[in-house]
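A short write-up of the structure that comes next.
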Amino acid sequence: MTSLSGKTVLLVIGGGIAAYKCLELIRLLKQREARVRTIMTRAAEEFVTPLSVASLTGEKVHTALFSLTDEIEMGHIELSRAADLLVVAPATADLMAKMAHGLADDLASTALLATDKPVLIAPAMNVRMWTHAATQRNLETLRRDDIAVIGPNDGEMACGEYGPGRMAEPAEILAAIEAKLRPAARPLAGRKVLITAGPTREAIDPVRYISNHSSGKQGYAIAAAAVALGAETVLVSGPVSLPIPPGVQMIPVESAAQMLAACESELPCDIAIFAAAVADWRVAQVAGEKIKKSEGRIPALAMVENPDILATVAKRRDKRPAIVVGFAAETSDVVNQARAKLASKGCDLIVANDVSTASGVFGGDRNKVHIVSPAGVEIWPDMPKQEVARKLMDLLASRLPPRAKAAE
Ligand code: C5P
């Protein structure tokens, strides 16, 4: 986790329904030990209470421009000067317009005009307001003024419409803040990481399939950790019921063949991590119609081998990622099996784990892994899957050759 200790964020909370997400953003910033000072516009107070904001930040909330004590103690200029970064979330159409035109008629807009510090805005508004020529013109102006913009995302809106206008998620805004305040904490900025996760589903007929118990939790956690280090992150995922981590581009697939095709279309990349539990076999002939159950007749399913996605990518002559990582889910003799797999699959590192039923790894939130590479074997203690993901991404970032950028 990036520490933001010693850094001060001045959060300007605008008046929009997305203001409630600021509470989570403040929590995330405080978790990273940042100091969070806040200004709320008058409209923002209609959506979240200054009391909630003050409780989470542990600081006084600044709400009005002309407060005598504030002017004596610090003044609005000091408020913005003392910050390392100003974040406007949600940045409403009105706030963006004020910023673009240099208006200063309340504390928020005055502080934003009075600052010489970097500013990040997270716009949120109705889709029509966002696409309106006036807002787009203001956005252009703000970008020209060197103001960083995160989001908005596409999605369902509080007003019932669908489209761009949803404020970026708190974790996405946090990542953008970290990128501004701690650029060195993003060693994978400009790099691309490809991850497979979840099970595959191999059809027998239109209603039946062969699959496995993979939850996708470890792969999804790795994708989130890759984003946190600044990587462009593509997650090729079999069917799972997990939310897509913010900032991750997810490509949904079902079969192993689809997973391979999706992976190959995402090359070149710098690091590829194959955490999916790919079915080893598929049914040779998928029935076009549901196979009928008839008394005394059990259908014989002829199987054929699936492509090995990891080995196919690891053994490519062109566009081979600089680091290829495989997983070895074994029920016994974990390290020896992993060593053998390292050689047979042609990968650079194997994350080996024990998935015997007693281990509780499948579907669980914790994992105990061995990191097997030609450099030797590292035994990591039992820890949450998120922690395994963070440690793994840190390790891979440190092993990535400096000039192995994603080739053209
Ligand atoms: O051979 P095994 O299934 O134990 O190998 C596990 C590793 O190989 C995992 O990283 C898994 O994602 C990958 N794999 C694959 N394609 C397959 C089978 C396994 O990418 N068809």
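In the structure tokens, chains take letters A, B, ... by order of appearance, with residues numbered from 1 within each chain and ligands from 1 in the order shown.
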
### Task
Using only C-alpha atoms and all ligand atoms, find each residue with an atom at most 7 Å away from ligand 1 and format the answer as a list in words.
Thr196, Ala256, Phe274, Ala275, Ala276, Ala277, Val278, Ala279, Asp280, Asn306, Pro307, Asp308, Ile309, Leu310, Ala311, Val325, Gly326, Phe327, Ala328 and Ala329 of chain A

Segment 135-188 of chain A near segment 102-126 of chain A within 8 Å: what's each residue's closest atom pair and its distance in Å to one decimal, counting only C-alpha atoms, ordered by chain then ascending residue number, as CSV?
residue,atom,partner,partner_atom,distance
A:Ile147,CA,A:Val119,CA,5.4
A:Ala148,CA,A:Leu120,CA,4.6
A:Val149,CA,A:Ile121,CA,5.0
A:Ile150,CA,A:Ala122,CA,5.1
A:Gly151,CA,A:Ala122,CA,6.0
A:Pro152,CA,A:Pro123,CA,5.6
A:Met157,CA,A:Asn126,CA,7.3
A:Cys159,CA,A:Asn126,CA,7.2
A:Glu161,CA,A:Asn126,CA,7.8
A:Gly165,CA,A:Met125,CA,5.0
A:Arg166,CA,A:Ala124,CA,5.3
A:Met167,CA,A:Ala124,CA,4.5
A:Ala168,CA,A:Ala122,CA,6.5
A:Ile173,CA,A:Ala122,CA,7.3
A:Ile177,CA,A:Leu120,CA,7.7

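Distance-wise, atom CA of Ala175 of chain A and atom CA of Ala158 of chain A end up 24.3 Å apart.
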
### Contacts of Ala197 of chain A at 7 Å (only C-alpha atoms; same-chain gap of 6+ positions) as a PyMOL selection string
chain A and resi 216+219-220+236-238+275-276

### Message
For the strand (DSSP E) assignment from backbone DSSP, which residues of segment 253-338 of chain A qualify? Please present them as a PyMOL selection string.
### Response
chain A and resi 271-274+281-283+303-305+323-330

### Task
Excluding Glu266 of chain A and residues on its chain fewer than 6 positions from it, collect all residues at most 12 Å away from it, counting only C-alpha atoms, and give them as a PyMOL selection string.
chain A and resi 192-196+232-236+249-251+259-260+272+313+319-321+406-407

Can you write just those residues out, N, CA and C atoms, as a compact mmCIF listing (two decimals), in the first residue's frame?
# COMPACT_ATOMS: atom_id res chain seq x y z
N LYS A 192 2.35 -2.90 -19.67
CA LYS A 192 1.07 -3.60 -19.81
C LYS A 192 1.14 -4.98 -19.17
N VAL A 193 0.14 -5.29 -18.37
CA VAL A 193 0.07 -6.59 -17.69
C VAL A 193 -1.20 -7.31 -18.13
N LEU A 194 -1.03 -8.57 -18.52
CA LEU A 194 -2.16 -9.40 -18.95
C LEU A 194 -2.36 -10.50 -17.90
N ILE A 195 -3.60 -10.70 -17.49
CA ILE A 195 -3.88 -11.69 -16.44
C ILE A 195 -5.07 -12.55 -16.89
N THR A 196 -4.97 -13.87 -16.68
CA THR A 196 -6.17 -14.70 -16.87
C THR A 196 -6.67 -15.10 -15.48
N GLU A 232 -1.10 -0.71 -17.26
CA GLU A 232 -2.30 -0.90 -18.07
C GLU A 232 -2.64 -2.38 -17.89
N THR A 233 -3.81 -2.67 -17.36
CA THR A 233 -4.09 -4.04 -16.92
C THR A 233 -5.28 -4.64 -17.66
N VAL A 234 -5.04 -5.77 -18.31
CA VAL A 234 -6.11 -6.46 -19.03
C VAL A 234 -6.35 -7.80 -18.33
N LEU A 235 -7.60 -8.03 -17.99
CA LEU A 235 -7.97 -9.25 -17.26
C LEU A 235 -8.88 -10.08 -18.17
N VAL A 236 -8.39 -11.24 -18.60
CA VAL A 236 -9.22 -12.13 -19.42
C VAL A 236 -9.84 -13.12 -18.45
N GLN A 249 -9.22 -3.40 -17.46
CA GLN A 249 -10.02 -3.70 -18.65
C GLN A 249 -10.32 -5.20 -18.64
N MET A 250 -11.58 -5.57 -18.50
CA MET A 250 -11.93 -6.98 -18.38
C MET A 250 -12.49 -7.50 -19.70
N ILE A 251 -11.96 -8.64 -20.15
CA ILE A 251 -12.50 -9.28 -21.35
C ILE A 251 -13.16 -10.58 -20.90
N MET A 259 -10.39 -18.00 -24.42
CA MET A 259 -9.41 -17.37 -23.53
C MET A 259 -8.07 -17.21 -24.25
N LEU A 260 -7.68 -18.24 -24.99
CA LEU A 260 -6.41 -18.16 -25.74
C LEU A 260 -6.48 -17.04 -26.78
N ALA A 272 2.79 -11.39 -18.30
CA ALA A 272 1.54 -12.16 -18.44
C ALA A 272 1.46 -13.14 -17.28
N VAL A 313 1.71 -19.09 -24.97
CA VAL A 313 2.24 -17.71 -24.91
C VAL A 313 3.72 -17.73 -24.52
N LYS A 319 6.60 -11.60 -29.84
CA LYS A 319 5.69 -11.02 -28.85
C LYS A 319 5.61 -11.83 -27.55
N ARG A 320 6.70 -12.51 -27.19
CA ARG A 320 6.66 -13.19 -25.88
C ARG A 320 6.81 -12.13 -24.80
N PRO A 321 5.91 -12.12 -23.81
CA PRO A 321 6.05 -11.14 -22.73
C PRO A 321 7.40 -11.32 -22.02
N ALA A 406 6.44 -2.77 -23.64
CA ALA A 406 5.56 -3.40 -24.62
C ALA A 406 6.01 -2.96 -26.01
N ALA A 407 6.44 -3.92 -26.81
CA ALA A 407 6.97 -3.59 -28.13
C ALA A 407 5.87 -3.05 -29.04

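The residue set within 7 Å of Val286 of chain A, counting only C-alpha atoms and dropping same-chain residues fewer than 3 places from it, reads Ala203, Ile204, Asp205 and Val283 of chain A.
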
Please write the residues from the selection above to a file, keeping N, CA and C atoms, as a PDB file, in the first residue's frame.
ATOM      1  N   ALA A 203     -18.551 -26.282 -23.197  1.00  0.00           N
ATOM      2  CA  ALA A 203     -19.928 -26.709 -23.458  1.00  0.00           C
ATOM      3  C   ALA A 203     -20.005 -28.187 -23.833  1.00  0.00           C
ATOM      4  N   ILE A 204     -21.054 -28.854 -23.349  1.00  0.00           N
ATOM      5  CA  ILE A 204     -21.380 -30.221 -23.781  1.00  0.00           C
ATOM      6  C   ILE A 204     -22.501 -30.116 -24.815  1.00  0.00           C
ATOM      7  N   ASP A 205     -23.483 -29.335 -24.464  1.00  0.00           N
ATOM      8  CA  ASP A 205     -24.594 -29.030 -25.374  1.00  0.00           C
ATOM      9  C   ASP A 205     -25.068 -27.623 -24.999  1.00  0.00           C
ATOM     10  N   VAL A 283     -15.222 -31.199 -24.786  1.00  0.00           N
ATOM     11  CA  VAL A 283     -15.959 -32.230 -25.512  1.00  0.00           C
ATOM     12  C   VAL A 283     -15.651 -32.077 -27.001  1.00  0.00           C
TER      13      VAL A 283
END

### Query
Which residues, written as a ChimeraX atom specification, have at least one atom at most 9 Å from segment 384-399 of chain A, with only C-alpha atoms counted and residues fewer than 5 positions away on the same chain left out?
/A:1,187-188,217-226,228-229,271,323,351,364-369,371

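Minimum atom-to-atom distances from A:Val12, A:Val227, A:Val248, A:Ala262 to Ala83 of chain A were compared using only C-alpha atoms, and the lowest value belongs to A:Val12.
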
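Of the residues in segment 189-286 of chain A, those given helix (DSSP H, G or I) by DSSP on the backbone are Lys217, Gln218, Gly219, Tyr220, Ala221, Ile222, Ala223, Ala224, Ala225, Ala226, Val227, Ala228, Ala256, Ala257, Gln258, Met259, Leu260, Ala261, Ala262, Cys263, Glu264 and Ser265 of chain A.
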
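With only C-alpha atoms as the atoms that count, the residue of A:Ala300, A:Leu29, A:Val9, A:Leu23 with the shortest distance to Ser55 of chain A is A:Leu23.
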
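Atom to atom, atom CA of Val61 of chain A and atom CA of Thr2 of chain A stand 25.5 Å apart.
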